[in-house]
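Visitor: Attaching a single structure in structure tokens format; questions to follow.
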Amino acid sequence: AEQTRLAERQAFLAYVANIQAADSALANADVRTVRARLDACPERFRRHWEWNYLNAASDRSEFVLTGHAGPVTYVAYDALGERVVTASDDGTARLWDSRTGAALAVLDHGGRKVGKAEFSPDGKWVATASEQGVTVWGAAGGTSRLLVPSDERHRDFAWAPDGRALATVVENGSASIWSVGSWASAHELESGSRHDHIAYSPDGDRLVTWSEHFA
């Protein structure tokens, strides 16, 4: 019992030292150190008012995007930085005004978890990867088109840098390149191996696919 009491006292003294260091860092506008010191505090001490005060005082967020009912899995800006798209396990992707935090649209995937969402380079489209498949949506939150249904076990997508094509990859390693606008499949690429992700080279001339084990 005595050892437990001493250990708890040492933990509390370490907490006090972290709080004092965080307070000093806040006075010097060193937010990174404030966060590091607060994060070092054990969970059981974070109910104290001083931890909550410093936590709130060091929050430099302009606003919080609220609306998802599940964990957020992916966040991306459009090319101009004016809008944000978020993906969530709650079965939706959501579009937001990055300047005001206002909700612009909800892209409903029928309860299927959404793992990725990105704007096209010109900002006219949003692609999402979910348990439903790879879907393209009008960025105004309007029409949608399911490109790769879930029975093909999609994995990932990537926009071409010039915005004229969208590439997708499915579990068996095959990749498809879709023409933006018509959404016709322009090319089919076979690798013969399972790949989980896909990306364009900066010049748009090459694609790379990879998994946790190989590229």
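Within each chain, counting starts at residue 1; across the structure tokens, chains are named A, B, ... in the order shown, with ligands numbered 1 upward in that order.
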Taking the backbone alone, and naming residues the way the document does, which bits of segment 80-196 of chain A are strand (DSSP E or B) by DSSP, as a PyMOL selection string?

Guide: chain A and resi 83-88+92-97+103-108+114-119+125-130+133-138+144-149+154-159+165-170+175-179+185-189

Visitor: Would you pick out the contacts of Asp108 of chain A at 7 Å or less, using only C-alpha atoms, so that residues sharing its chain but fewer than 4 positions from it are not included, and give the list as a list in words?

Guide: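 Listed by chain and then number, they are Gly91, Thr92 and Ala93 of chain A.
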
Visitor: Please provide the set of residues having any atom within 7 Å of Tyr74 of chain A, restricted to only C-alpha atoms, with same-chain residues fewer than 6 positions apart removed, written as a ChimeraX atom specification.

Guide: /A:86-87,115-117

Visitor: Pick from A:Ser98, A:Asn28, A:Gln10, A:Gln3: nearest to Leu80 of chain A, with only C-alpha atoms counted?

Guide: A:Ser98

Visitor: Sorted by chain and rising residue number, which residues of segment 84-188 of chain A lie within 9 Å of segment 53-66 of chain A, and what are their closest atom pairs and distances in Å to one decimal, counting only C-alpha atoms, as JSON lines?

Guide:
```
{"residue": "A:Trp96", "atom": "CA", "partner": "A:Leu65", "partner_atom": "CA", "distance": 7.9}
{"residue": "A:Thr100", "atom": "CA", "partner": "A:Phe63", "partner_atom": "CA", "distance": 7.9}
{"residue": "A:Gly101", "atom": "CA", "partner": "A:Leu65", "partner_atom": "CA", "distance": 6.0}
{"residue": "A:Ala102", "atom": "CA", "partner": "A:Leu65", "partner_atom": "CA", "distance": 7.9}
{"residue": "A:Ala103", "atom": "CA", "partner": "A:Leu65", "partner_atom": "CA", "distance": 8.1}
```

Visitor: Create the file for the chosen residues now, containing N, CA, C and O atoms and written as an mmCIF file, in the first residue's frame.

Guide:
```cif
data_model
loop_
_atom_site.group_PDB
_atom_site.id
_atom_site.type_symbol
_atom_site.label_atom_id
_atom_site.label_comp_id
_atom_site.auth_asym_id
_atom_site.auth_seq_id
_atom_site.Cartn_x
_atom_site.Cartn_y
_atom_site.Cartn_z
ATOM 1 N N TRP A 96 -17.377 20.574 -47.141
ATOM 2 C CA TRP A 96 -17.416 21.703 -46.219
ATOM 3 C C TRP A 96 -16.777 22.930 -46.865
ATOM 4 O O TRP A 96 -15.850 22.811 -47.676
ATOM 5 N N THR A 100 -15.478 28.908 -43.646
ATOM 6 C CA THR A 100 -16.504 29.146 -42.625
ATOM 7 C C THR A 100 -16.840 27.908 -41.809
ATOM 8 O O THR A 100 -17.441 28.021 -40.738
ATOM 9 N N GLY A 101 -16.506 26.720 -42.328
ATOM 10 C CA GLY A 101 -16.882 25.481 -41.656
ATOM 11 C C GLY A 101 -18.297 25.037 -41.978
ATOM 12 O O GLY A 101 -18.772 24.034 -41.434
ATOM 13 N N ALA A 102 -18.984 25.758 -42.860
ATOM 14 C CA ALA A 102 -20.365 25.418 -43.197
ATOM 15 C C ALA A 102 -20.421 24.112 -43.983
ATOM 16 O O ALA A 102 -19.577 23.857 -44.843
ATOM 17 N N ALA A 103 -21.415 23.285 -43.683
ATOM 18 C CA ALA A 103 -21.630 22.046 -44.421
ATOM 19 C C ALA A 103 -22.224 22.365 -45.787
ATOM 20 O O ALA A 103 -23.171 23.140 -45.891
#
```

Visitor: Gly181 of chain A: which residues within 10 Å, counting only C-alpha atoms, same-chain residues fewer than 3 positions away excluded, as a ChimeraX atom specification?

Guide: /A:124-125,136,164-165,178,184

Visitor: Convert the current residue selection to file output with all heavy atoms, as a PDB file, in the first residue's frame.

Guide:
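Written out: again.pdb:
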```
ATOM      1  N   LYS A 124     -14.424  19.895 -59.886  1.00  0.00           N
ATOM      2  CA  LYS A 124     -15.784  19.635 -60.341  1.00  0.00           C
ATOM      3  C   LYS A 124     -16.344  18.309 -59.839  1.00  0.00           C
ATOM      4  O   LYS A 124     -17.561  18.114 -59.833  1.00  0.00           O
ATOM      5  CB  LYS A 124     -15.839  19.653 -61.868  1.00  0.00           C
ATOM      6  CG  LYS A 124     -15.556  21.013 -62.491  1.00  0.00           C
ATOM      7  CD  LYS A 124     -15.659  20.937 -64.003  1.00  0.00           C
ATOM      8  CE  LYS A 124     -15.408  22.294 -64.655  1.00  0.00           C
ATOM      9  NZ  LYS A 124     -15.494  22.223 -66.138  1.00  0.00           N
ATOM     10  N   TRP A 125     -15.442  17.397 -59.452  1.00  0.00           N
ATOM     11  CA  TRP A 125     -15.867  16.057 -59.071  1.00  0.00           C
ATOM     12  C   TRP A 125     -15.245  15.661 -57.737  1.00  0.00           C
ATOM     13  O   TRP A 125     -14.216  16.189 -57.331  1.00  0.00           O
ATOM     14  CB  TRP A 125     -15.447  15.034 -60.137  1.00  0.00           C
ATOM     15  CG  TRP A 125     -15.872  15.377 -61.522  1.00  0.00           C
ATOM     16  CD1 TRP A 125     -15.144  16.058 -62.459  1.00  0.00           C
ATOM     17  CD2 TRP A 125     -17.130  15.098 -62.133  1.00  0.00           C
ATOM     18  NE1 TRP A 125     -15.862  16.204 -63.622  1.00  0.00           N
ATOM     19  CE2 TRP A 125     -17.094  15.620 -63.444  1.00  0.00           C
ATOM     20  CE3 TRP A 125     -18.295  14.439 -61.714  1.00  0.00           C
ATOM     21  CZ2 TRP A 125     -18.167  15.495 -64.328  1.00  0.00           C
ATOM     22  CZ3 TRP A 125     -19.361  14.322 -62.596  1.00  0.00           C
ATOM     23  CH2 TRP A 125     -19.287  14.853 -63.877  1.00  0.00           C
ATOM     24  N   VAL A 136     -17.961   8.283 -58.224  1.00  0.00           N
ATOM     25  CA  VAL A 136     -17.671   9.673 -58.579  1.00  0.00           C
ATOM     26  C   VAL A 136     -18.946  10.489 -58.398  1.00  0.00           C
ATOM     27  O   VAL A 136     -20.029  10.071 -58.816  1.00  0.00           O
ATOM     28  CB  VAL A 136     -17.164   9.789 -60.030  1.00  0.00           C
ATOM     29  CG1 VAL A 136     -17.012  11.249 -60.428  1.00  0.00           C
ATOM     30  CG2 VAL A 136     -15.829   9.078 -60.177  1.00  0.00           C
ATOM     31  N   ARG A 164      -7.870  14.770 -66.273  1.00  0.00           N
ATOM     32  CA  ARG A 164      -8.610  14.194 -67.406  1.00  0.00           C
ATOM     33  C   ARG A 164      -8.903  12.714 -67.224  1.00  0.00           C
ATOM     34  O   ARG A 164      -9.642  12.125 -68.016  1.00  0.00           O
ATOM     35  CB  ARG A 164      -7.817  14.417 -68.695  1.00  0.00           C
ATOM     36  CG  ARG A 164      -7.626  15.890 -69.042  1.00  0.00           C
ATOM     37  CD  ARG A 164      -6.699  16.086 -70.227  1.00  0.00           C
ATOM     38  NE  ARG A 164      -7.236  15.478 -71.436  1.00  0.00           N
ATOM     39  CZ  ARG A 164      -6.582  15.456 -72.597  1.00  0.00           C
ATOM     40  NH1 ARG A 164      -5.366  15.984 -72.689  1.00  0.00           N
ATOM     41  NH2 ARG A 164      -7.141  14.900 -73.657  1.00  0.00           N
ATOM     42  N   ALA A 165      -8.350  12.093 -66.190  1.00  0.00           N
ATOM     43  CA  ALA A 165      -8.557  10.661 -65.988  1.00  0.00           C
ATOM     44  C   ALA A 165      -8.578  10.337 -64.502  1.00  0.00           C
ATOM     45  O   ALA A 165      -8.033  11.079 -63.672  1.00  0.00           O
ATOM     46  CB  ALA A 165      -7.470   9.854 -66.687  1.00  0.00           C
ATOM     47  N   TRP A 178     -10.211   5.703 -66.250  1.00  0.00           N
ATOM     48  CA  TRP A 178     -11.519   6.186 -66.664  1.00  0.00           C
ATOM     49  C   TRP A 178     -11.406   7.603 -67.190  1.00  0.00           C
ATOM     50  O   TRP A 178     -10.735   8.435 -66.597  1.00  0.00           O
ATOM     51  CB  TRP A 178     -12.489   6.152 -65.499  1.00  0.00           C
ATOM     52  CG  TRP A 178     -12.550   4.846 -64.768  1.00  0.00           C
ATOM     53  CD1 TRP A 178     -11.684   4.422 -63.804  1.00  0.00           C
ATOM     54  CD2 TRP A 178     -13.505   3.802 -64.943  1.00  0.00           C
ATOM     55  NE1 TRP A 178     -12.033   3.166 -63.356  1.00  0.00           N
ATOM     56  CE2 TRP A 178     -13.153   2.765 -64.042  1.00  0.00           C
ATOM     57  CE3 TRP A 178     -14.622   3.638 -65.766  1.00  0.00           C
ATOM     58  CZ2 TRP A 178     -13.882   1.584 -63.949  1.00  0.00           C
ATOM     59  CZ3 TRP A 178     -15.352   2.465 -65.670  1.00  0.00           C
ATOM     60  CH2 TRP A 178     -14.990   1.453 -64.773  1.00  0.00           C
ATOM     61  N   ALA A 184     -16.083   6.554 -69.317  1.00  0.00           N
ATOM     62  CA  ALA A 184     -15.814   5.321 -70.047  1.00  0.00           C
ATOM     63  C   ALA A 184     -14.447   4.786 -69.623  1.00  0.00           C
ATOM     64  O   ALA A 184     -13.518   5.547 -69.358  1.00  0.00           O
ATOM     65  CB  ALA A 184     -15.819   5.589 -71.550  1.00  0.00           C
TER      66      ALA A 184
END
```

Visitor: Measuring atom to atom with only C-alpha atoms, identify which of A:Asp205, A:Asp162, A:Asp156, A:Asp78 is nearest to Ser176 of chain A.

Guide: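 Once distances to Ser176 of chain A are computed over only C-alpha atoms, the minimum belongs to A:Asp156.
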